[in-house]
Amino acid sequence: MAKLDQYRLIIQQLLDKYAQYKPSYGDVDVEPIFDTQRDHYQIISVGWNQQKRVYGPIMHLDIKNEKIWIQQNTTEVDIATELIEMGVLKQDIVIGFHTPKMRQLTSFAVE
């Protein structure tokens with residue numbers, strides 16, 4: 001259970017860090033969403049850019065079977081590397097936005 005608690009804390013710290021970056025355009029907020037009971041973690045953009053609605057996930061991570069799944073990353077940030085630097089084991093990271101076949105070609109977990 002200690003590893004799971006540690007991974008929850010690491011994910012929240014990482015996403016809190018990136019939730020501080022506000023887009024330079026429009027009236028857009030970046031909001032962290034943490035569901036610690038079901039282990040879903042996101043930051044989303046919400047707001048307006050002139051007359052256009054802005055809404056969508058920026059980063060989305062889940063914890064499944066004590067592994068961190070990177071489900072979405074619309075930034076240029078290498079989340080996996082940052083997770084490793086924060087103490088997550090490489091074999092506990094799944095690049096979820098890659099196909100299962102593509103995941104086999106990485107040095108990260110397949111599932």
# chains A, B, ... in the order shown; residues from 1 in each chain; ligands from 1
>>> residues_around(residues="Ile63 (chain A)", least_positions_apart="5", cutoff="10 Å", atoms="only C-alpha atoms", output="MDAnalysis selection string")
chainID A and resid 4 7:8 11 36 38:41 68:70 92:94
>>> write_last_selection(atoms="N, CA, C and O atoms", output="CSV table (one decimal), in the first residue's frame")
chain,number,residue,atom,x,y,z
A,4,LEU,N,1.5,2.5,-3.5
A,4,LEU,CA,0.3,3.2,-4.1
A,4,LEU,C,0.1,4.6,-3.6
A,4,LEU,O,-0.1,5.5,-4.4
A,7,TYR,N,2.8,6.8,-5.2
A,7,TYR,CA,2.5,7.1,-6.6
A,7,TYR,C,1.4,8.2,-6.7
A,7,TYR,O,1.4,9.0,-7.5
A,8,ARG,N,0.4,8.0,-5.8
A,8,ARG,CA,-0.7,9.0,-5.8
A,8,ARG,C,-0.1,10.4,-5.5
A,8,ARG,O,-0.5,11.4,-6.1
A,11,ILE,N,2.0,11.8,-8.5
A,11,ILE,CA,1.1,12.2,-9.6
A,11,ILE,C,0.5,13.6,-9.3
A,11,ILE,O,0.5,14.5,-10.1
A,36,THR,N,-8.9,10.4,-6.0
A,36,THR,CA,-8.0,9.5,-5.3
A,36,THR,C,-8.6,8.1,-5.0
A,36,THR,O,-7.9,7.2,-4.6
A,38,ARG,N,-10.7,6.4,-7.1
A,38,ARG,CA,-10.7,5.6,-8.3
A,38,ARG,C,-9.3,5.7,-9.1
A,38,ARG,O,-9.2,5.1,-10.1
A,39,ASP,N,-8.5,6.5,-8.6
A,39,ASP,CA,-7.1,6.7,-9.1
A,39,ASP,C,-7.1,7.3,-10.6
A,39,ASP,O,-6.4,6.7,-11.4
A,40,HIS,N,-7.9,8.3,-10.8
A,40,HIS,CA,-7.9,9.1,-12.1
A,40,HIS,C,-7.4,10.5,-11.7
A,40,HIS,O,-7.9,11.1,-10.8
A,41,TYR,N,-6.4,11.0,-12.5
A,41,TYR,CA,-5.8,12.3,-12.3
A,41,TYR,C,-5.7,13.0,-13.6
A,41,TYR,O,-5.2,12.5,-14.6
A,68,ILE,N,1.4,3.3,-13.1
A,68,ILE,CA,0.9,4.6,-13.6
A,68,ILE,C,0.8,4.6,-15.1
A,68,ILE,O,1.7,4.3,-15.8
A,69,TRP,N,-0.4,4.8,-15.6
A,69,TRP,CA,-0.8,4.8,-17.0
A,69,TRP,C,-0.8,6.3,-17.4
A,69,TRP,O,-1.7,7.1,-16.9
A,70,ILE,N,0.0,6.6,-18.4
A,70,ILE,CA,-0.1,8.0,-19.0
A,70,ILE,C,-1.1,7.9,-20.1
A,70,ILE,O,-0.8,7.3,-21.2
A,92,ASP,N,6.9,0.4,-13.8
A,92,ASP,CA,5.6,0.8,-13.3
A,92,ASP,C,5.0,1.9,-14.0
A,92,ASP,O,4.0,2.5,-13.6
A,93,ILE,N,5.5,2.2,-15.2
A,93,ILE,CA,4.9,3.3,-16.1
A,93,ILE,C,4.5,2.6,-17.4
A,93,ILE,O,5.2,1.9,-18.0
A,94,VAL,N,3.2,2.9,-17.7
A,94,VAL,CA,2.6,2.4,-19.0
A,94,VAL,C,2.3,3.6,-19.9
A,94,VAL,O,1.6,4.5,-19.4
>>> residues_around(residues="Met86 (chain A)", least_positions_apart="5", cutoff="10 Å", atoms="only C-alpha atoms", output="PyMOL selection string")
chain A and resi 7+10-11+13-14+80-81
>>> write_last_selection(atoms="N, CA and C atoms", output="tab-separated table (two decimals), in the first residue's frame")
chain	number	residue	atom	x	y	z
A	7	TYR	N	2.79	6.78	-5.18
A	7	TYR	CA	2.48	7.11	-6.57
A	7	TYR	C	1.36	8.15	-6.66
A	10	ILE	N	2.99	11.49	-5.87
A	10	ILE	CA	3.86	11.92	-6.97
A	10	ILE	C	3.04	12.48	-8.13
A	11	ILE	N	1.98	11.78	-8.50
A	11	ILE	CA	1.14	12.25	-9.61
A	11	ILE	C	0.52	13.60	-9.27
A	13	GLN	N	1.63	15.88	-7.22
A	13	GLN	CA	2.68	16.91	-7.24
A	13	GLN	C	3.01	17.31	-8.68
A	14	LEU	N	3.14	16.32	-9.55
A	14	LEU	CA	3.47	16.59	-10.95
A	14	LEU	C	2.38	17.42	-11.61
A	80	ALA	N	6.93	10.75	-18.47
A	80	ALA	CA	7.54	9.50	-18.00
A	80	ALA	C	8.90	9.76	-17.36
A	81	THR	N	9.72	10.57	-17.99
A	81	THR	CA	11.04	10.89	-17.44
A	81	THR	C	10.90	11.61	-16.10
>>> atom_distance(atom1="CA of Lys52 (chain A)", atom2="CA of Tyr25 (chain A)")
11.4 Å
>>> select_by_dssp(residues="region 11-53 of chain A", states="strand (DSSP E)", output="PyMOL selection string")
chain A and resi 27-35+40-49+52-53
>>> closest_residue(among="A:Phe34, A:Tyr55, A:Phe97, A:Tyr21", to="Leu9 (chain A)", atoms="only C-alpha atoms")
A:Phe34
>>> residues_around(residues="Pro23 (chain A)", least_positions_apart="5", cutoff="12 Å", atoms="only C-alpha atoms", output="PDB file with C-alpha atoms, in the first residue's frame")
ATOM      1  CA  TYR A  18       1.812  21.922 -14.564  1.00  0.00           C
ATOM      2  CA  VAL A  28      -8.510  30.008 -19.864  1.00  0.00           C
ATOM      3  CA  ASP A  29      -8.021  28.265 -16.526  1.00  0.00           C
ATOM      4  CA  VAL A  30      -6.031  25.092 -15.998  1.00  0.00           C
ATOM      5  CA  GLU A  31      -7.728  22.916 -13.401  1.00  0.00           C
ATOM      6  CA  ILE A  44      -7.866  20.259 -18.025  1.00  0.00           C
ATOM      7  CA  SER A  45      -8.182  23.615 -19.739  1.00  0.00           C
ATOM      8  CA  VAL A  46     -11.488  25.439 -19.341  1.00  0.00           C
ATOM      9  CA  GLY A  47     -12.473  28.856 -20.629  1.00  0.00           C
ATOM     10  CA  TRP A  48     -12.768  31.050 -23.676  1.00  0.00           C
ATOM     11  CA  ASN A  49     -10.442  32.356 -26.366  1.00  0.00           C
ATOM     12  CA  VAL A  54     -11.671  26.034 -24.814  1.00  0.00           C
ATOM     13  CA  ILE A  58      -3.964  18.484 -21.028  1.00  0.00           C
ATOM     14  CA  THR A  75       2.308  19.019 -23.974  1.00  0.00           C
TER      15      THR A  75
END
>>> closest_residue(among="A:Asp5, A:Glu82, A:Asp35, A:Asp27", to="His60 (chain A)", atoms="only C-alpha atoms")
A:Asp35
>>> residues_around(residues="Thr106 (chain A)", least_positions_apart="5", cutoff="12 Å", atoms="only C-alpha atoms", output="list in words")
Ala80, Lys90, Gln91, Ile93, Val94, Ile95, Gly96, His98, Thr99, Pro100, Lys101 and Glu111 of chain A
>>> write_last_selection(atoms="all heavy atoms", output="PDB file, in the first residue's frame")
ATOM      1  N   ALA A  80       6.931  10.752 -18.465  1.00  0.00           N
ATOM      2  CA  ALA A  80       7.539   9.501 -17.999  1.00  0.00           C
ATOM      3  C   ALA A  80       8.902   9.759 -17.359  1.00  0.00           C
ATOM      4  O   ALA A  80       9.203   9.230 -16.285  1.00  0.00           O
ATOM      5  CB  ALA A  80       7.662   8.514 -19.155  1.00  0.00           C
ATOM      6  N   LYS A  90      10.600   2.505 -13.595  1.00  0.00           N
ATOM      7  CA  LYS A  90      10.321   2.497 -15.034  1.00  0.00           C
ATOM      8  C   LYS A  90       9.339   1.390 -15.404  1.00  0.00           C
ATOM      9  O   LYS A  90       8.465   1.569 -16.246  1.00  0.00           O
ATOM     10  CB  LYS A  90      11.627   2.341 -15.815  1.00  0.00           C
ATOM     11  CG  LYS A  90      11.517   2.689 -17.264  1.00  0.00           C
ATOM     12  CD  LYS A  90      12.906   2.720 -17.905  1.00  0.00           C
ATOM     13  CE  LYS A  90      12.847   3.425 -19.225  1.00  0.00           C
ATOM     14  NZ  LYS A  90      14.165   3.579 -19.835  1.00  0.00           N
ATOM     15  N   GLN A  91       9.458   0.240 -14.757  1.00  0.00           N
ATOM     16  CA  GLN A  91       8.574  -0.881 -15.062  1.00  0.00           C
ATOM     17  C   GLN A  91       7.157  -0.675 -14.497  1.00  0.00           C
ATOM     18  O   GLN A  91       6.283  -1.489 -14.738  1.00  0.00           O
ATOM     19  CB  GLN A  91       9.155  -2.211 -14.562  1.00  0.00           C
ATOM     20  CG  GLN A  91       9.337  -2.308 -13.069  1.00  0.00           C
ATOM     21  CD  GLN A  91      10.726  -1.926 -12.605  1.00  0.00           C
ATOM     22  OE1 GLN A  91      11.459  -1.192 -13.267  1.00  0.00           O
ATOM     23  NE2 GLN A  91      11.106  -2.413 -11.436  1.00  0.00           N
ATOM     24  N   ILE A  93       5.492   2.214 -15.222  1.00  0.00           N
ATOM     25  CA  ILE A  93       4.921   3.259 -16.080  1.00  0.00           C
ATOM     26  C   ILE A  93       4.456   2.623 -17.381  1.00  0.00           C
ATOM     27  O   ILE A  93       5.217   1.913 -18.040  1.00  0.00           O
ATOM     28  CB  ILE A  93       5.952   4.369 -16.376  1.00  0.00           C
ATOM     29  CG1 ILE A  93       6.401   5.046 -15.077  1.00  0.00           C
ATOM     30  CG2 ILE A  93       5.381   5.396 -17.366  1.00  0.00           C
ATOM     31  CD1 ILE A  93       7.551   6.016 -15.243  1.00  0.00           C
ATOM     32  N   VAL A  94       3.211   2.895 -17.743  1.00  0.00           N
ATOM     33  CA  VAL A  94       2.648   2.416 -19.006  1.00  0.00           C
ATOM     34  C   VAL A  94       2.301   3.631 -19.855  1.00  0.00           C
ATOM     35  O   VAL A  94       1.631   4.549 -19.382  1.00  0.00           O
ATOM     36  CB  VAL A  94       1.374   1.570 -18.769  1.00  0.00           C
ATOM     37  CG1 VAL A  94       0.785   1.111 -20.093  1.00  0.00           C
ATOM     38  CG2 VAL A  94       1.671   0.390 -17.863  1.00  0.00           C
ATOM     39  N   ILE A  95       2.791   3.643 -21.087  1.00  0.00           N
ATOM     40  CA  ILE A  95       2.442   4.729 -22.014  1.00  0.00           C
ATOM     41  C   ILE A  95       1.107   4.336 -22.653  1.00  0.00           C
ATOM     42  O   ILE A  95       1.059   3.706 -23.710  1.00  0.00           O
ATOM     43  CB  ILE A  95       3.546   4.956 -23.073  1.00  0.00           C
ATOM     44  CG1 ILE A  95       4.930   5.048 -22.422  1.00  0.00           C
ATOM     45  CG2 ILE A  95       3.225   6.206 -23.898  1.00  0.00           C
ATOM     46  CD1 ILE A  95       5.117   6.168 -21.436  1.00  0.00           C
ATOM     47  N   GLY A  96       0.029   4.686 -21.993  1.00  0.00           N
ATOM     48  CA  GLY A  96      -1.298   4.223 -22.370  1.00  0.00           C
ATOM     49  C   GLY A  96      -1.813   4.745 -23.691  1.00  0.00           C
ATOM     50  O   GLY A  96      -2.699   4.134 -24.289  1.00  0.00           O
ATOM     51  N   HIS A  98      -0.118   4.839 -26.373  1.00  0.00           N
ATOM     52  CA  HIS A  98       0.457   4.001 -27.433  1.00  0.00           C
ATOM     53  C   HIS A  98      -0.358   2.722 -27.554  1.00  0.00           C
ATOM     54  O   HIS A  98      -0.877   2.221 -26.556  1.00  0.00           O
ATOM     55  CB  HIS A  98       1.902   3.613 -27.123  1.00  0.00           C
ATOM     56  CG  HIS A  98       2.878   4.724 -27.323  1.00  0.00           C
ATOM     57  ND1 HIS A  98       4.162   4.640 -26.856  1.00  0.00           N
ATOM     58  CD2 HIS A  98       2.796   5.924 -27.923  1.00  0.00           C
ATOM     59  CE1 HIS A  98       4.819   5.746 -27.162  1.00  0.00           C
ATOM     60  NE2 HIS A  98       4.004   6.539 -27.805  1.00  0.00           N
ATOM     61  N   THR A  99      -0.410   2.156 -28.734  1.00  0.00           N
ATOM     62  CA  THR A  99      -1.091   0.879 -28.914  1.00  0.00           C
ATOM     63  C   THR A  99      -0.351  -0.205 -28.125  1.00  0.00           C
ATOM     64  O   THR A  99       0.859  -0.068 -27.884  1.00  0.00           O
ATOM     65  CB  THR A  99      -1.133   0.466 -30.397  1.00  0.00           C
ATOM     66  OG1 THR A  99       0.217   0.242 -30.846  1.00  0.00           O
ATOM     67  CG2 THR A  99      -1.804   1.513 -31.267  1.00  0.00           C
ATOM     68  N   PRO A 100      -1.042  -1.287 -27.750  1.00  0.00           N
ATOM     69  CA  PRO A 100      -0.346  -2.370 -27.035  1.00  0.00           C
ATOM     70  C   PRO A 100       0.869  -2.895 -27.803  1.00  0.00           C
ATOM     71  O   PRO A 100       1.906  -3.192 -27.206  1.00  0.00           O
ATOM     72  CB  PRO A 100      -1.420  -3.445 -26.890  1.00  0.00           C
ATOM     73  CG  PRO A 100      -2.703  -2.670 -26.851  1.00  0.00           C
ATOM     74  CD  PRO A 100      -2.486  -1.519 -27.805  1.00  0.00           C
ATOM     75  N   LYS A 101       0.770  -2.968 -29.117  1.00  0.00           N
ATOM     76  CA  LYS A 101       1.906  -3.440 -29.922  1.00  0.00           C
ATOM     77  C   LYS A 101       3.082  -2.463 -29.826  1.00  0.00           C
ATOM     78  O   LYS A 101       4.239  -2.873 -29.699  1.00  0.00           O
ATOM     79  CB  LYS A 101       1.467  -3.620 -31.373  1.00  0.00           C
ATOM     80  CG  LYS A 101       2.528  -4.226 -32.256  1.00  0.00           C
ATOM     81  CD  LYS A 101       2.015  -4.483 -33.652  1.00  0.00           C
ATOM     82  CE  LYS A 101       3.075  -5.124 -34.511  1.00  0.00           C
ATOM     83  NZ  LYS A 101       2.597  -5.428 -35.852  1.00  0.00           N
ATOM     84  N   GLU A 111       1.583  -3.340 -19.779  1.00  0.00           N
ATOM     85  CA  GLU A 111       0.295  -3.140 -19.096  1.00  0.00           C
ATOM     86  C   GLU A 111       0.394  -3.470 -17.643  1.00  0.00           C
ATOM     87  O   GLU A 111       1.343  -3.951 -17.158  1.00  0.00           O
ATOM     88  CB  GLU A 111      -0.834  -3.930 -19.733  1.00  0.00           C
ATOM     89  CG  GLU A 111      -0.582  -5.407 -19.866  1.00  0.00           C
ATOM     90  CD  GLU A 111      -1.768  -6.096 -20.523  1.00  0.00           C
ATOM     91  OE1 GLU A 111      -2.176  -5.725 -21.626  1.00  0.00           O
ATOM     92  OE2 GLU A 111      -2.278  -6.995 -19.877  1.00  0.00           O
TER      93      GLU A 111
END
>>> closest_residue(among="A:Ala2, A:Met102, A:Ile43, A:Val77", to="Leu15 (chain A)", atoms="only C-alpha atoms")
A:Ile43
>>> atom_distance(atom1="CA of Gln12 (chain A)", atom2="CA of Leu105 (chain A)")
28.2 Å
>>> select_by_dssp(residues="chain A", states="alpha helix (DSSP H)", output="PDB file with C-alpha atoms, in the first residue's frame")
ATOM      1  CA  ALA A   2       2.917   2.340   0.605  1.00  0.00           C
ATOM      2  CA  LYS A   3       3.874   2.295  -3.080  1.00  0.00           C
ATOM      3  CA  LEU A   4       0.326   3.160  -4.123  1.00  0.00           C
ATOM      4  CA  ASP A   5       0.192   6.086  -1.699  1.00  0.00           C
ATOM      5  CA  GLN A   6       3.594   7.274  -2.917  1.00  0.00           C
ATOM      6  CA  TYR A   7       2.482   7.114  -6.568  1.00  0.00           C
ATOM      7  CA  ARG A   8      -0.705   9.046  -5.776  1.00  0.00           C
ATOM      8  CA  LEU A   9       1.329  11.783  -4.126  1.00  0.00           C
ATOM      9  CA  ILE A  10       3.859  11.923  -6.971  1.00  0.00           C
ATOM     10  CA  ILE A  11       1.135  12.246  -9.606  1.00  0.00           C
ATOM     11  CA  GLN A  12      -0.593  15.014  -7.676  1.00  0.00           C
ATOM     12  CA  GLN A  13       2.677  16.914  -7.241  1.00  0.00           C
ATOM     13  CA  LEU A  14       3.472  16.592 -10.948  1.00  0.00           C
ATOM     14  CA  LEU A  15       0.040  17.718 -12.114  1.00  0.00           C
ATOM     15  CA  ASP A  16      -0.123  20.552  -9.568  1.00  0.00           C
ATOM     16  CA  LYS A  17       3.159  21.816 -11.004  1.00  0.00           C
ATOM     17  CA  TYR A  18       1.812  21.922 -14.564  1.00  0.00           C
ATOM     18  CA  ALA A  19      -1.582  23.274 -13.508  1.00  0.00           C
ATOM     19  CA  ILE A  79       6.014  12.986 -18.179  1.00  0.00           C
ATOM     20  CA  ALA A  80       7.539   9.501 -17.999  1.00  0.00           C
ATOM     21  CA  THR A  81      11.036  10.889 -17.437  1.00  0.00           C
ATOM     22  CA  GLU A  82       9.757  13.255 -14.766  1.00  0.00           C
ATOM     23  CA  LEU A  83       7.964  10.396 -13.016  1.00  0.00           C
ATOM     24  CA  ILE A  84      11.195   8.382 -12.975  1.00  0.00           C
ATOM     25  CA  GLU A  85      13.103  11.360 -11.564  1.00  0.00           C
ATOM     26  CA  PRO A 100      -0.346  -2.370 -27.035  1.00  0.00           C
ATOM     27  CA  LYS A 101       1.906  -3.440 -29.922  1.00  0.00           C
ATOM     28  CA  MET A 102       3.836  -0.154 -29.802  1.00  0.00           C
ATOM     29  CA  ARG A 103       4.227  -0.426 -26.016  1.00  0.00           C
TER      30      ARG A 103
END
>>> closest_residue(among="A:Leu89, A:Val110, A:Pro32, A:Gln37", to="Met59 (chain A)", atoms="only C-alpha atoms")
A:Pro32
>>> atom_distance(atom1="CA of Gly26 (chain A)", atom2="CA of Gln50 (chain A)")
6.2 Å
>>> decode(residues="region 17-58 of chain A", atoms="C-alpha atoms", output="mmCIF file, in the first residue's frame")
data_model
loop_
_atom_site.group_PDB
_atom_site.id
_atom_site.type_symbol
_atom_site.label_atom_id
_atom_site.label_comp_id
_atom_site.auth_asym_id
_atom_site.auth_seq_id
_atom_site.Cartn_x
_atom_site.Cartn_y
_atom_site.Cartn_z
ATOM 1 C CA LYS A 17 3.159 21.816 -11.004
ATOM 2 C CA TYR A 18 1.812 21.922 -14.564
ATOM 3 C CA ALA A 19 -1.582 23.274 -13.508
ATOM 4 C CA GLN A 20 0.248 26.497 -12.561
ATOM 5 C CA TYR A 21 0.929 27.279 -16.233
ATOM 6 C CA LYS A 22 -1.856 29.432 -17.624
ATOM 7 C CA PRO A 23 -2.171 29.745 -21.411
ATOM 8 C CA SER A 24 -1.026 33.077 -22.817
ATOM 9 C CA TYR A 25 -4.222 33.409 -24.868
ATOM 10 C CA GLY A 26 -7.824 34.011 -23.854
ATOM 11 C CA ASP A 27 -9.459 33.632 -20.489
ATOM 12 C CA VAL A 28 -8.510 30.008 -19.864
ATOM 13 C CA ASP A 29 -8.021 28.265 -16.526
ATOM 14 C CA VAL A 30 -6.031 25.092 -15.998
ATOM 15 C CA GLU A 31 -7.728 22.916 -13.401
ATOM 16 C CA PRO A 32 -6.365 19.836 -11.631
ATOM 17 C CA ILE A 33 -8.872 17.036 -11.040
ATOM 18 C CA PHE A 34 -7.867 14.304 -8.612
ATOM 19 C CA ASP A 35 -10.055 11.246 -7.985
ATOM 20 C CA THR A 36 -7.997 9.466 -5.344
ATOM 21 C CA GLN A 37 -10.637 6.786 -4.706
ATOM 22 C CA ARG A 38 -10.662 5.568 -8.319
ATOM 23 C CA ASP A 39 -7.113 6.747 -9.131
ATOM 24 C CA HIS A 40 -7.870 9.078 -12.053
ATOM 25 C CA TYR A 41 -5.833 12.292 -12.265
ATOM 26 C CA GLN A 42 -6.074 15.087 -14.852
ATOM 27 C CA ILE A 43 -5.431 18.691 -15.600
ATOM 28 C CA ILE A 44 -7.866 20.259 -18.025
ATOM 29 C CA SER A 45 -8.182 23.615 -19.739
ATOM 30 C CA VAL A 46 -11.488 25.439 -19.341
ATOM 31 C CA GLY A 47 -12.473 28.856 -20.629
ATOM 32 C CA TRP A 48 -12.768 31.050 -23.676
ATOM 33 C CA ASN A 49 -10.442 32.356 -26.366
ATOM 34 C CA GLN A 50 -12.349 35.260 -27.877
ATOM 35 C CA GLN A 51 -15.659 33.672 -28.959
ATOM 36 C CA LYS A 52 -14.348 30.097 -29.010
ATOM 37 C CA ARG A 53 -14.846 27.649 -26.144
ATOM 38 C CA VAL A 54 -11.671 26.034 -24.814
ATOM 39 C CA TYR A 55 -12.135 22.754 -22.980
ATOM 40 C CA GLY A 56 -10.093 19.588 -22.902
ATOM 41 C CA PRO A 57 -7.585 17.398 -21.135
ATOM 42 C CA ILE A 58 -3.964 18.484 -21.028
#
